[in-house]
file input33.pdb (PDB, C-alpha atoms, pLDDT in the B column)
ATOM      1  CA  MET N   1       1.896 -24.227  11.421  1.00 73.00           C
ATOM      2  CA  MET N   2       5.088 -22.525  10.339  1.00 79.00           C
ATOM      3  CA  THR N   3       3.969 -18.906  10.124  1.00 81.00           C
ATOM      4  CA  THR N   4       0.876 -16.752  10.322  1.00 79.00           C
ATOM      5  CA  ASP N   5      -0.291 -13.741   8.362  1.00 80.00           C
ATOM      6  CA  GLU N   6       0.114 -11.835  11.628  1.00 84.00           C
ATOM      7  CA  ASN N   7       3.918 -12.346  11.374  1.00 85.00           C
ATOM      8  CA  VAL N   8       4.155 -14.345  14.582  1.00 86.00           C
ATOM      9  CA  TRP N   9       7.078 -16.626  15.418  1.00 88.00           C
ATOM     10  CA  THR N  10       5.607 -20.104  15.956  1.00 90.00           C
ATOM     11  CA  LYS N  11       6.633 -23.425  17.496  1.00 93.00           C
ATOM     12  CA  GLY N  12       6.955 -24.698  13.927  1.00 92.00           C
ATOM     13  CA  LEU N  13       9.592 -22.069  13.148  1.00 93.00           C
ATOM     14  CA  THR N  14      11.464 -23.004  16.303  1.00 94.00           C
ATOM     15  CA  LEU N  15      11.395 -26.678  15.281  1.00 95.00           C
ATOM     16  CA  VAL N  16      12.677 -25.952  11.766  1.00 94.00           C
ATOM     17  CA  THR N  17      15.397 -23.626  13.023  1.00 95.00           C
ATOM     18  CA  ASP N  18      16.472 -26.161  15.658  1.00 96.00           C
ATOM     19  CA  LEU N  19      16.606 -28.838  12.947  1.00 96.00           C
ATOM     20  CA  ILE N  20      18.790 -26.672  10.695  1.00 96.00           C
ATOM     21  CA  HIS N  21      21.166 -25.930  13.560  1.00 96.00           C
ATOM     22  CA  ASP N  22      21.258 -29.616  14.596  1.00 97.00           C
ATOM     23  CA  VAL N  23      22.084 -30.734  11.047  1.00 97.00           C
ATOM     24  CA  THR N  24      24.806 -28.095  10.634  1.00 96.00           C
ATOM     25  CA  ASN N  25      26.326 -29.017  14.009  1.00 96.00           C
ATOM     26  CA  THR N  26      26.134 -32.780  13.429  1.00 98.00           C
ATOM     27  CA  TYR N  27      27.202 -33.128   9.796  1.00 98.00           C
ATOM     28  CA  ALA N  28      29.907 -31.646   7.583  1.00 97.00           C
ATOM     29  CA  VAL N  29      27.836 -28.747   6.297  1.00 96.00           C
ATOM     30  CA  ASP N  30      29.469 -25.737   4.677  1.00 97.00           C
ATOM     31  CA  THR N  31      27.661 -23.100   6.704  1.00 95.00           C
ATOM     32  CA  ASN N  32      28.652 -20.461   4.141  1.00 96.00           C
ATOM     33  CA  ARG N  33      26.542 -22.264   1.525  1.00 95.00           C
ATOM     34  CA  ILE N  34      23.154 -22.733   3.158  1.00 96.00           C
ATOM     35  CA  TYR N  35      20.465 -21.486   0.798  1.00 96.00           C
ATOM     36  CA  GLY N  36      16.826 -20.898   1.604  1.00 96.00           C
ATOM     37  CA  THR N  37      13.767 -20.904  -0.574  1.00 95.00           C
ATOM     38  CA  GLY N  38      10.084 -21.120  -0.075  1.00 94.00           C
ATOM     39  CA  GLN N  39       6.793 -20.158  -1.566  1.00 94.00           C
ATOM     40  CA  SER N  40       3.968 -18.571   0.354  1.00 94.00           C
ATOM     41  CA  GLN N  41       4.248 -19.815   3.952  1.00 92.00           C
ATOM     42  CA  GLY N  42       7.635 -21.386   3.168  1.00 93.00           C
ATOM     43  CA  GLY N  43       8.937 -18.014   2.002  1.00 94.00           C
ATOM     44  CA  MET N  44       7.511 -16.375   5.098  1.00 94.00           C
ATOM     45  CA  ALA N  45       9.354 -18.956   7.199  1.00 95.00           C
ATOM     46  CA  ASN N  46      12.591 -18.107   5.361  1.00 94.00           C
ATOM     47  CA  ILE N  47      12.124 -14.409   6.074  1.00 95.00           C
ATOM     48  CA  ALA N  48      11.265 -14.978   9.737  1.00 94.00           C
ATOM     49  CA  ILE N  49      14.295 -17.227  10.234  1.00 94.00           C
ATOM     50  CA  SER N  50      16.539 -14.674   8.502  1.00 92.00           C
ATOM     51  CA  ASP N  51      15.187 -11.900  10.688  1.00 89.00           C
ATOM     52  CA  LYS N  52      16.155 -13.864  13.801  1.00 90.00           C
ATOM     53  CA  TYR N  53      19.352 -15.466  12.396  1.00 92.00           C
ATOM     54  CA  PRO N  54      20.589 -13.001   9.751  1.00 89.00           C
ATOM     55  CA  ASP N  55      23.822 -14.909   9.060  1.00 92.00           C
ATOM     56  CA  LEU N  56      22.218 -18.335   8.499  1.00 95.00           C
ATOM     57  CA  PHE N  57      21.465 -18.217   4.764  1.00 96.00           C
ATOM     58  CA  ALA N  58      24.002 -17.348   2.077  1.00 96.00           C
ATOM     59  CA  ALA N  59      21.135 -16.454  -0.260  1.00 96.00           C
ATOM     60  CA  GLN N  60      17.393 -16.910  -0.581  1.00 97.00           C
ATOM     61  CA  PHE N  61      14.771 -17.237  -3.307  1.00 97.00           C
ATOM     62  CA  LEU N  62      11.510 -15.905  -1.883  1.00 97.00           C
ATOM     63  CA  VAL N  63       8.369 -16.673  -3.885  1.00 97.00           C
ATOM     64  CA  ALA N  64       4.902 -15.174  -3.322  1.00 96.00           C
ATOM     65  CA  CYS N  65       5.477 -14.311   0.322  1.00 95.00           C
ATOM     66  CA  GLN N  66       5.501 -11.379   2.706  1.00 92.00           C
ATOM     67  CA  TRP N  67       6.338 -10.539   6.281  1.00 92.00           C
ATOM     68  CA  ASN N  68       6.400  -7.551   8.593  1.00 91.00           C
ATOM     69  CA  THR N  69       8.359  -5.083   6.474  1.00 92.00           C
ATOM     70  CA  GLN N  70       9.869  -3.342   9.505  1.00 91.00           C
ATOM     71  CA  GLU N  71      11.396  -6.659  10.587  1.00 90.00           C
ATOM     72  CA  MET N  72      12.499  -7.292   7.000  1.00 92.00           C
ATOM     73  CA  GLU N  73      14.802  -4.285   7.196  1.00 92.00           C
ATOM     74  CA  ALA N  74      17.301  -6.749   8.732  1.00 90.00           C
ATOM     75  CA  LEU N  75      17.542  -8.383   5.279  1.00 93.00           C
ATOM     76  CA  LYS N  76      18.744  -5.216   3.550  1.00 95.00           C
ATOM     77  CA  ASP N  77      22.250  -6.592   2.966  1.00 93.00           C
ATOM     78  CA  LYS N  78      21.278 -10.190   2.120  1.00 95.00           C
ATOM     79  CA  ASN N  79      21.451 -11.974  -1.239  1.00 96.00           C
ATOM     80  CA  LEU N  80      17.792 -12.263  -2.204  1.00 97.00           C
ATOM     81  CA  TRP N  81      15.781 -12.966  -5.310  1.00 98.00           C
ATOM     82  CA  ILE N  82      12.147 -12.119  -4.708  1.00 98.00           C
ATOM     83  CA  LEU N  83       9.419 -13.055  -7.174  1.00 97.00           C
ATOM     84  CA  VAL N  84       5.750 -12.181  -6.778  1.00 97.00           C
ATOM     85  CA  SER N  85       2.736 -11.726  -9.049  1.00 96.00           C
ATOM     86  CA  GLU N  86       1.140  -8.362  -9.609  1.00 96.00           C
ATOM     87  CA  GLY N  87      -2.274  -9.766  -8.634  1.00 96.00           C
ATOM     88  CA  ASP N  88      -1.099 -11.157  -5.274  1.00 96.00           C
ATOM     89  CA  THR N  89      -2.938  -8.935  -2.824  1.00 95.00           C
ATOM     90  CA  LYS N  90      -0.515  -9.582   0.049  1.00 94.00           C
ATOM     91  CA  ALA N  91       2.920 -10.442  -1.350  1.00 96.00           C
ATOM     92  CA  TYR N  92       2.979  -7.765  -4.071  1.00 97.00           C
ATOM     93  CA  PRO N  93       2.214  -4.733  -1.877  1.00 97.00           C
ATOM     94  CA  GLY N  94       4.246  -6.205   0.992  1.00 96.00           C
ATOM     95  CA  MET N  95       7.355  -6.709  -1.102  1.00 97.00           C
ATOM     96  CA  ASN N  96       6.936  -3.305  -2.737  1.00 97.00           C
ATOM     97  CA  ASP N  97       7.039  -1.804   0.757  1.00 97.00           C
ATOM     98  CA  ALA N  98      10.071  -3.915   1.736  1.00 97.00           C
ATOM     99  CA  VAL N  99      11.947  -2.848  -1.409  1.00 97.00           C
ATOM    100  CA  SER N 100      11.099   0.804  -0.756  1.00 97.00           C
ATOM    101  CA  ARG N 101      12.393   0.504   2.818  1.00 97.00           C
ATOM    102  CA  TRP N 102      15.638  -1.175   1.698  1.00 97.00           C
ATOM    103  CA  GLU N 103      16.253   1.513  -0.921  1.00 97.00           C
ATOM    104  CA  LYS N 104      15.695   4.254   1.681  1.00 97.00           C
ATOM    105  CA  LEU N 105      18.340   2.509   3.801  1.00 97.00           C
ATOM    106  CA  GLY N 106      20.776   2.742   0.866  1.00 97.00           C
ATOM    107  CA  THR N 107      20.438  -0.795  -0.493  1.00 97.00           C
ATOM    108  CA  LYS N 108      20.624  -1.262  -4.241  1.00 98.00           C
ATOM    109  CA  VAL N 109      17.711  -3.371  -5.500  1.00 98.00           C
ATOM    110  CA  ALA N 110      17.605  -4.662  -9.074  1.00 98.00           C
ATOM    111  CA  THR N 111      14.151  -4.337 -10.618  1.00 97.00           C
ATOM    112  CA  ALA N 112      12.581  -4.700 -14.039  1.00 94.00           C
ATOM    113  CA  PRO N 113       9.322  -4.020 -15.841  1.00 95.00           C
ATOM    114  CA  LEU N 114       6.651  -6.638 -15.220  1.00 96.00           C
ATOM    115  CA  TRP N 115       7.625 -10.086 -16.509  1.00 95.00           C
ATOM    116  CA  ASN N 116       5.549 -12.281 -18.807  1.00 93.00           C
ATOM    117  CA  SER N 117       5.501 -15.695 -17.139  1.00 89.00           C
ATOM    118  CA  HIS N 118       4.671 -17.286 -20.493  1.00 90.00           C
ATOM    119  CA  ALA N 119       7.814 -15.980 -22.194  1.00 91.00           C
ATOM    120  CA  ASP N 120       9.861 -18.569 -24.058  1.00 91.00           C
ATOM    121  CA  SER N 121      13.091 -19.814 -22.499  1.00 89.00           C
ATOM    122  CA  LYS N 122      15.321 -17.445 -24.498  1.00 93.00           C
ATOM    123  CA  SER N 123      13.244 -14.416 -23.522  1.00 93.00           C
ATOM    124  CA  MET N 124      13.175 -15.533 -19.883  1.00 93.00           C
ATOM    125  CA  ALA N 125      16.961 -15.952 -19.918  1.00 94.00           C
ATOM    126  CA  ASP N 126      17.240 -12.399 -21.285  1.00 95.00           C
ATOM    127  CA  LEU N 127      15.013 -11.100 -18.474  1.00 95.00           C
ATOM    128  CA  VAL N 128      17.190 -12.811 -15.873  1.00 96.00           C
ATOM    129  CA  ARG N 129      20.366 -11.369 -17.450  1.00 96.00           C
ATOM    130  CA  GLN N 130      18.848  -7.863 -17.369  1.00 97.00           C
ATOM    131  CA  ILE N 131      18.389  -8.206 -13.620  1.00 97.00           C
ATOM    132  CA  GLU N 132      21.836  -9.710 -13.093  1.00 96.00           C
ATOM    133  CA  LYS N 133      23.486  -6.865 -15.070  1.00 97.00           C
ATOM    134  CA  GLN N 134      22.268  -4.451 -12.399  1.00 98.00           C
ATOM    135  CA  ASP N 135      24.687  -6.200 -10.007  1.00 97.00           C
ATOM    136  CA  ALA N 136      22.565  -5.881  -6.880  1.00 98.00           C
ATOM    137  CA  ALA N 137      22.397  -8.236  -3.914  1.00 96.00           C
ATOM    138  CA  ILE N 138      18.603  -7.991  -3.899  1.00 98.00           C
ATOM    139  CA  ASN N 139      16.676  -8.792  -7.073  1.00 98.00           C
ATOM    140  CA  TYR N 140      12.952  -8.040  -7.206  1.00 98.00           C
ATOM    141  CA  THR N 141      10.865  -9.299 -10.087  1.00 97.00           C
ATOM    142  CA  VAL N 142       7.118  -9.309 -10.634  1.00 97.00           C
ATOM    143  CA  PHE N 143       4.991 -11.404 -12.977  1.00 96.00           C
ATOM    144  CA  GLN N 144       2.388  -9.389 -14.830  1.00 95.00           C
ATOM    145  CA  ASN N 145      -1.123 -10.209 -13.619  1.00 90.00           C
ATOM    146  CA  GLY N 146      -1.332 -13.604 -11.917  1.00 88.00           C
ATOM    147  CA  ASN N 147      -2.233 -14.161  -8.290  1.00 87.00           C
ATOM    148  CA  HIS N 148      -0.753 -15.699  -5.177  1.00 86.00           C
ATOM    149  CA  MET N 149      -0.801 -19.346  -6.274  1.00 86.00           C
ATOM    150  CA  TYR N 150       0.053 -18.446  -9.879  1.00 86.00           C
ATOM    151  CA  THR N 151       3.563 -17.322  -8.994  1.00 89.00           C
ATOM    152  CA  TRP N 152       5.058 -20.638  -7.955  1.00 83.00           C
ATOM    153  CA  THR N 153       3.644 -22.423 -11.020  1.00 85.00           C
ATOM    154  CA  PHE N 154       6.424 -20.723 -12.985  1.00 88.00           C
ATOM    155  CA  ALA N 155       8.981 -19.472 -10.452  1.00 92.00           C
ATOM    156  CA  TYR N 156      10.952 -22.670  -9.932  1.00 91.00           C
ATOM    157  CA  ASN N 157      11.203 -23.339 -13.678  1.00 89.00           C
ATOM    158  CA  ILE N 158      13.356 -20.296 -14.420  1.00 92.00           C
ATOM    159  CA  PRO N 159      16.884 -21.684 -14.888  1.00 86.00           C
ATOM    160  CA  GLY N 160      18.701 -18.376 -14.360  1.00 88.00           C
ATOM    161  CA  ILE N 161      17.188 -17.895 -10.933  1.00 89.00           C
ATOM    162  CA  ARG N 162      17.218 -21.558  -9.927  1.00 77.00           C
ATOM    163  CA  ASP N 163      20.891 -21.918 -10.823  1.00 74.00           C
TER     164      ASP N 163
END

call {"tool": "encode", "arguments": {"input": "input33.pdb", "output": "structure tokens"}}
result
Amino acid sequence: MMTTDENVWTKGLTLVTDLIHDVTNTYAVDTNRIYGTGQSQGGMANIAISDKYPDLFAAQFLVACQWNTQEMEALKDKNLWILVSEGDTKAYPGMNDAVSRWEKLGTKVATAPLWNSHADSKSMADLVRQIEKQDAAINYTVFQNGNHMYTWTFAYNIPGIRD
């Protein structure tokens, strides 16, 4: 197991982190261009690793995940794109709290009205541009309705975020 809903560092997280460090020490890896992404438990793993090693990832795409929001304060200056669904009973309130904490610490967070995950590609590109125009390191977007598993059905198909 990589993570738990109790926000506990696990042997799985140690293994993954050791693997990342071994690969970066063994091969010609540009350590300024390591990007993290994950959905649900994978996103939680990204957050946990960033909390412990804040300089590891250049940027992260966090999908339908949450973590201890006090620990997440360490991510206040990171390049993040966070995407959750309004109906996700853990990730949505958790990320709302994280965003609120970051803003209280002076971090600019780009937000938007709820997104329609069924928008056509032109409309979705416009939504992404609206977020990017806010020129913030942290981008927080929410799909209208949906639930936990709903989010990743669409998240990785949004070219503006993926690119």

call {"tool": "residues_around", "arguments": {"input": "input33.pdb", "residues": "Thr151 (chain N)", "least_positions_apart": "6", "cutoff": "7 Å", "atoms": "all atoms listed in the file", "output": "CSV table (one decimal) with C-alpha atoms, keeping the file's coordinate frame"}}
result
chain,number,residue,atom,x,y,z
N,64,ALA,CA,4.9,-15.2,-3.3
N,84,VAL,CA,5.8,-12.2,-6.8
N,85,SER,CA,2.7,-11.7,-9.0

call {"tool": "atom_distance", "arguments": {"input": "input33.pdb", "atom1": "CA of Thr14 (chain N)", "atom2": "CA of Met95 (chain N)"}}
result
24.2 Å

call {"tool": "residues_around", "arguments": {"input": "input33.pdb", "residues": "Glu6 (chain N)", "least_positions_apart": "5", "cutoff": "12 Å", "atoms": "all atoms listed in the file", "output": "mmCIF file with C-alpha atoms, keeping the file's coordinate frame"}}
result
data_model
loop_
_atom_site.group_PDB
_atom_site.id
_atom_site.type_symbol
_atom_site.label_atom_id
_atom_site.label_comp_id
_atom_site.auth_asym_id
_atom_site.auth_seq_id
_atom_site.Cartn_x
_atom_site.Cartn_y
_atom_site.Cartn_z
ATOM 1 C CA GLN N 41 4.248 -19.815 3.952
ATOM 2 C CA MET N 44 7.511 -16.375 5.098
ATOM 3 C CA ALA N 48 11.265 -14.978 9.737
ATOM 4 C CA GLN N 66 5.501 -11.379 2.706
ATOM 5 C CA TRP N 67 6.338 -10.539 6.281
ATOM 6 C CA ASN N 68 6.400 -7.551 8.593
ATOM 7 C CA THR N 69 8.359 -5.083 6.474
ATOM 8 C CA LYS N 90 -0.515 -9.582 0.049
#

call {"tool": "closest_residue", "arguments": {"input": "input33.pdb", "among": "N:Pro159, N:Gly106, N:Gly146, N:Gly36", "to": "Gly87 (chain N)", "atoms": "all atoms listed in the file"}}
result
N:Gly146

call {"tool": "residues_around", "arguments": {"input": "input33.pdb", "residues": "Val99 (chain N)", "least_positions_apart": "6", "cutoff": "9 Å", "atoms": "all atoms listed in the file", "output": "JSON, numbers by chain"}}
result
{"N": [69, 76, 107, 109, 138, 140]}

call {"tool": "resolve_selection", "arguments": {"input": "input33.pdb", "expression": "the PyMOL selection byres ((chain N and resi 117) around 9)", "output": "list in words"}}
result
Trp115, Asn116, His118, Ala119, Asp120, Met124, Phe143, Gln144, Gly146, Thr151, Phe154 and Ala155 of chain N

call {"tool": "residues_around", "arguments": {"input": "input33.pdb", "residues": "Ile161 (chain N)", "least_positions_apart": "4", "cutoff": "12 Å", "atoms": "only C-alpha atoms", "output": "compact mmCIF listing (two decimals) with C-alpha atoms, in the frame of the given file"}}
result
# COMPACT_ATOMS: atom_id res chain seq x y z
CA THR N 37 13.77 -20.90 -0.57
CA ALA N 59 21.14 -16.45 -0.26
CA GLN N 60 17.39 -16.91 -0.58
CA PHE N 61 14.77 -17.24 -3.31
CA LEU N 62 11.51 -15.90 -1.88
CA VAL N 63 8.37 -16.67 -3.88
CA LEU N 80 17.79 -12.26 -2.20
CA TRP N 81 15.78 -12.97 -5.31
CA ILE N 82 12.15 -12.12 -4.71
CA LEU N 83 9.42 -13.06 -7.17
CA MET N 124 13.18 -15.53 -19.88
CA ALA N 125 16.96 -15.95 -19.92
CA ASP N 126 17.24 -12.40 -21.28
CA LEU N 127 15.01 -11.10 -18.47
CA VAL N 128 17.19 -12.81 -15.87
CA ARG N 129 20.37 -11.37 -17.45
CA ILE N 131 18.39 -8.21 -13.62
CA GLU N 132 21.84 -9.71 -13.09
CA ASN N 139 16.68 -8.79 -7.07
CA TYR N 140 12.95 -8.04 -7.21
CA THR N 141 10.86 -9.30 -10.09
CA PHE N 154 6.42 -20.72 -12.98
CA ALA N 155 8.98 -19.47 -10.45
CA TYR N 156 10.95 -22.67 -9.93
CA ASN N 157 11.20 -23.34 -13.68

call {"tool": "atom_distance", "arguments": {"input": "input33.pdb", "atom1": "CA of Leu15 (chain N)", "atom2": "CA of Asn32 (chain N)"}}
result
21.5 Å

call {"tool": "atom_distance", "arguments": {"input": "input33.pdb", "atom1": "CA of Lys122 (chain N)", "atom2": "CA of Lys78 (chain N)"}}
result
28.2 Å

call {"tool": "closest_residue", "arguments": {"input": "input33.pdb", "among": "N:Thr89, N:Gln70, N:Thr17, N:Gln39", "to": "Phe57 (chain N)", "atoms": "only C-alpha atoms"}}
result
N:Thr17

call {"tool": "residues_near_point", "arguments": {"input": "input33.pdb", "point": "(21.0, -25.4, 4.7)", "cutoff": "12 Å", "atoms": "only C-alpha atoms", "output": "list in words"}}
result
Val16, Thr17, Asp18, Leu19, Ile20, His21, Asp22, Val23, Thr24, Asn25, Tyr27, Ala28, Val29, Asp30, Thr31, Asn32, Arg33, Ile34, Tyr35, Gly36, Thr37, Asn46, Ile49, Asp55, Leu56, Phe57, Ala58, Ala59 and Gln60 of chain N

call {"tool": "closest_residue", "arguments": {"input": "input33.pdb", "among": "N:Ser121, N:Leu13, N:Lys108, N:Pro113", "to": "Tyr53 (chain N)", "atoms": "all atoms listed in the file"}}
result
N:Leu13

call {"tool": "build_atoms", "arguments": {"input": "input33.pdb", "residues": "region 49-73 of chain N", "atoms": "N, CA, C and O atoms", "output": "PDB file, in the frame of the given file"}}
result
ATOM      1  N   ILE N  49      13.039 -16.634   9.748  1.00 94.00           N
ATOM      2  CA  ILE N  49      14.295 -17.227  10.234  1.00 94.00           C
ATOM      3  C   ILE N  49      15.463 -16.269   9.976  1.00 94.00           C
ATOM      4  O   ILE N  49      16.332 -16.093  10.833  1.00 94.00           O
ATOM      5  N   SER N  50      15.462 -15.633   8.817  1.00 92.00           N
ATOM      6  CA  SER N  50      16.539 -14.674   8.502  1.00 92.00           C
ATOM      7  C   SER N  50      16.503 -13.463   9.409  1.00 92.00           C
ATOM      8  O   SER N  50      17.547 -12.904   9.743  1.00 92.00           O
ATOM      9  N   ASP N  51      15.297 -13.031   9.764  1.00 89.00           N
ATOM     10  CA  ASP N  51      15.187 -11.900  10.688  1.00 89.00           C
ATOM     11  C   ASP N  51      15.858 -12.231  12.021  1.00 89.00           C
ATOM     12  O   ASP N  51      16.545 -11.405  12.605  1.00 89.00           O
ATOM     13  N   LYS N  52      15.635 -13.459  12.492  1.00 90.00           N
ATOM     14  CA  LYS N  52      16.155 -13.864  13.801  1.00 90.00           C
ATOM     15  C   LYS N  52      17.607 -14.326  13.720  1.00 90.00           C
ATOM     16  O   LYS N  52      18.381 -14.136  14.659  1.00 90.00           O
ATOM     17  N   TYR N  53      17.986 -14.956  12.601  1.00 92.00           N
ATOM     18  CA  TYR N  53      19.352 -15.466  12.396  1.00 92.00           C
ATOM     19  C   TYR N  53      19.878 -14.917  11.068  1.00 92.00           C
ATOM     20  O   TYR N  53      19.954 -15.635  10.073  1.00 92.00           O
ATOM     21  N   PRO N  54      20.246 -13.644  11.019  1.00 89.00           N
ATOM     22  CA  PRO N  54      20.589 -13.001   9.751  1.00 89.00           C
ATOM     23  C   PRO N  54      21.804 -13.588   9.031  1.00 89.00           C
ATOM     24  O   PRO N  54      21.966 -13.372   7.834  1.00 89.00           O
ATOM     25  N   ASP N  55      22.641 -14.347   9.712  1.00 92.00           N
ATOM     26  CA  ASP N  55      23.822 -14.909   9.060  1.00 92.00           C
ATOM     27  C   ASP N  55      23.636 -16.371   8.647  1.00 92.00           C
ATOM     28  O   ASP N  55      24.580 -17.000   8.176  1.00 92.00           O
ATOM     29  N   LEU N  56      22.441 -16.918   8.786  1.00 95.00           N
ATOM     30  CA  LEU N  56      22.218 -18.335   8.499  1.00 95.00           C
ATOM     31  C   LEU N  56      22.278 -18.648   7.007  1.00 95.00           C
ATOM     32  O   LEU N  56      22.989 -19.557   6.585  1.00 95.00           O
ATOM     33  N   PHE N  57      21.548 -17.910   6.190  1.00 96.00           N
ATOM     34  CA  PHE N  57      21.465 -18.217   4.764  1.00 96.00           C
ATOM     35  C   PHE N  57      22.450 -17.396   3.947  1.00 96.00           C
ATOM     36  O   PHE N  57      22.570 -16.188   4.139  1.00 96.00           O
ATOM     37  N   ALA N  58      23.114 -18.058   3.003  1.00 96.00           N
ATOM     38  CA  ALA N  58      24.002 -17.348   2.077  1.00 96.00           C
ATOM     39  C   ALA N  58      23.182 -16.561   1.060  1.00 96.00           C
ATOM     40  O   ALA N  58      23.592 -15.483   0.624  1.00 96.00           O
ATOM     41  N   ALA N  59      22.039 -17.108   0.681  1.00 96.00           N
ATOM     42  CA  ALA N  59      21.135 -16.454  -0.260  1.00 96.00           C
ATOM     43  C   ALA N  59      19.770 -17.110  -0.140  1.00 96.00           C
ATOM     44  O   ALA N  59      19.648 -18.225   0.380  1.00 96.00           O
ATOM     45  N   GLN N  60      18.753 -16.389  -0.644  1.00 97.00           N
ATOM     46  CA  GLN N  60      17.393 -16.910  -0.581  1.00 97.00           C
ATOM     47  C   GLN N  60      16.613 -16.551  -1.832  1.00 97.00           C
ATOM     48  O   GLN N  60      16.799 -15.465  -2.395  1.00 97.00           O
ATOM     49  N   PHE N  61      15.728 -17.463  -2.224  1.00 97.00           N
ATOM     50  CA  PHE N  61      14.771 -17.237  -3.307  1.00 97.00           C
ATOM     51  C   PHE N  61      13.399 -17.247  -2.654  1.00 97.00           C
ATOM     52  O   PHE N  61      12.930 -18.282  -2.183  1.00 97.00           O
ATOM     53  N   LEU N  62      12.779 -16.084  -2.587  1.00 97.00           N
ATOM     54  CA  LEU N  62      11.510 -15.905  -1.883  1.00 97.00           C
ATOM     55  C   LEU N  62      10.387 -15.732  -2.902  1.00 97.00           C
ATOM     56  O   LEU N  62      10.406 -14.782  -3.691  1.00 97.00           O
ATOM     57  N   VAL N  63       9.418 -16.632  -2.871  1.00 97.00           N
ATOM     58  CA  VAL N  63       8.369 -16.673  -3.885  1.00 97.00           C
ATOM     59  C   VAL N  63       6.998 -16.444  -3.239  1.00 97.00           C
ATOM     60  O   VAL N  63       6.620 -17.182  -2.330  1.00 97.00           O
ATOM     61  N   ALA N  64       6.285 -15.435  -3.724  1.00 96.00           N
ATOM     62  CA  ALA N  64       4.902 -15.174  -3.322  1.00 96.00           C
ATOM     63  C   ALA N  64       4.741 -15.155  -1.803  1.00 96.00           C
ATOM     64  O   ALA N  64       3.912 -15.856  -1.242  1.00 96.00           O
ATOM     65  N   CYS N  65       5.551 -14.354  -1.143  1.00 95.00           N
ATOM     66  CA  CYS N  65       5.477 -14.311   0.322  1.00 95.00           C
ATOM     67  C   CYS N  65       5.652 -12.880   0.814  1.00 95.00           C
ATOM     68  O   CYS N  65       6.049 -12.002   0.064  1.00 95.00           O
ATOM     69  N   GLN N  66       5.356 -12.687   2.075  1.00 92.00           N
ATOM     70  CA  GLN N  66       5.501 -11.379   2.706  1.00 92.00           C
ATOM     71  C   GLN N  66       5.741 -11.581   4.193  1.00 92.00           C
ATOM     72  O   GLN N  66       5.599 -12.681   4.713  1.00 92.00           O
ATOM     73  N   TRP N  67       6.114 -10.512   4.832  1.00 92.00           N
ATOM     74  CA  TRP N  67       6.338 -10.539   6.281  1.00 92.00           C
ATOM     75  C   TRP N  67       6.256  -9.104   6.754  1.00 92.00           C
ATOM     76  O   TRP N  67       6.116  -8.171   5.953  1.00 92.00           O
ATOM     77  N   ASN N  68       6.385  -8.888   8.029  1.00 91.00           N
ATOM     78  CA  ASN N  68       6.400  -7.551   8.593  1.00 91.00           C
ATOM     79  C   ASN N  68       7.585  -6.796   7.986  1.00 91.00           C
ATOM     80  O   ASN N  68       8.742  -7.145   8.210  1.00 91.00           O
ATOM     81  N   THR N  69       7.286  -5.759   7.218  1.00 92.00           N
ATOM     82  CA  THR N  69       8.359  -5.083   6.474  1.00 92.00           C
ATOM     83  C   THR N  69       9.333  -4.341   7.377  1.00 92.00           C
ATOM     84  O   THR N  69      10.482  -4.137   6.993  1.00 92.00           O
ATOM     85  N   GLN N  70       8.915  -3.947   8.576  1.00 91.00           N
ATOM     86  CA  GLN N  70       9.869  -3.342   9.505  1.00 91.00           C
ATOM     87  C   GLN N  70      10.900  -4.372   9.940  1.00 91.00           C
ATOM     88  O   GLN N  70      12.092  -4.076  10.006  1.00 91.00           O
ATOM     89  N   GLU N  71      10.461  -5.594  10.224  1.00 90.00           N
ATOM     90  CA  GLU N  71      11.396  -6.659  10.587  1.00 90.00           C
ATOM     91  C   GLU N  71      12.282  -7.025   9.395  1.00 90.00           C
ATOM     92  O   GLU N  71      13.440  -7.394   9.572  1.00 90.00           O
ATOM     93  N   MET N  72      11.733  -6.924   8.197  1.00 92.00           N
ATOM     94  CA  MET N  72      12.499  -7.292   7.000  1.00 92.00           C
ATOM     95  C   MET N  72      13.653  -6.336   6.720  1.00 92.00           C
ATOM     96  O   MET N  72      14.523  -6.647   5.910  1.00 92.00           O
ATOM     97  N   GLU N  73      13.681  -5.202   7.384  1.00 92.00           N
ATOM     98  CA  GLU N  73      14.802  -4.285   7.196  1.00 92.00           C
ATOM     99  C   GLU N  73      16.122  -4.971   7.529  1.00 92.00           C
ATOM    100  O   GLU N  73      17.161  -4.618   6.986  1.00 92.00           O
TER     101      GLU N  73
END
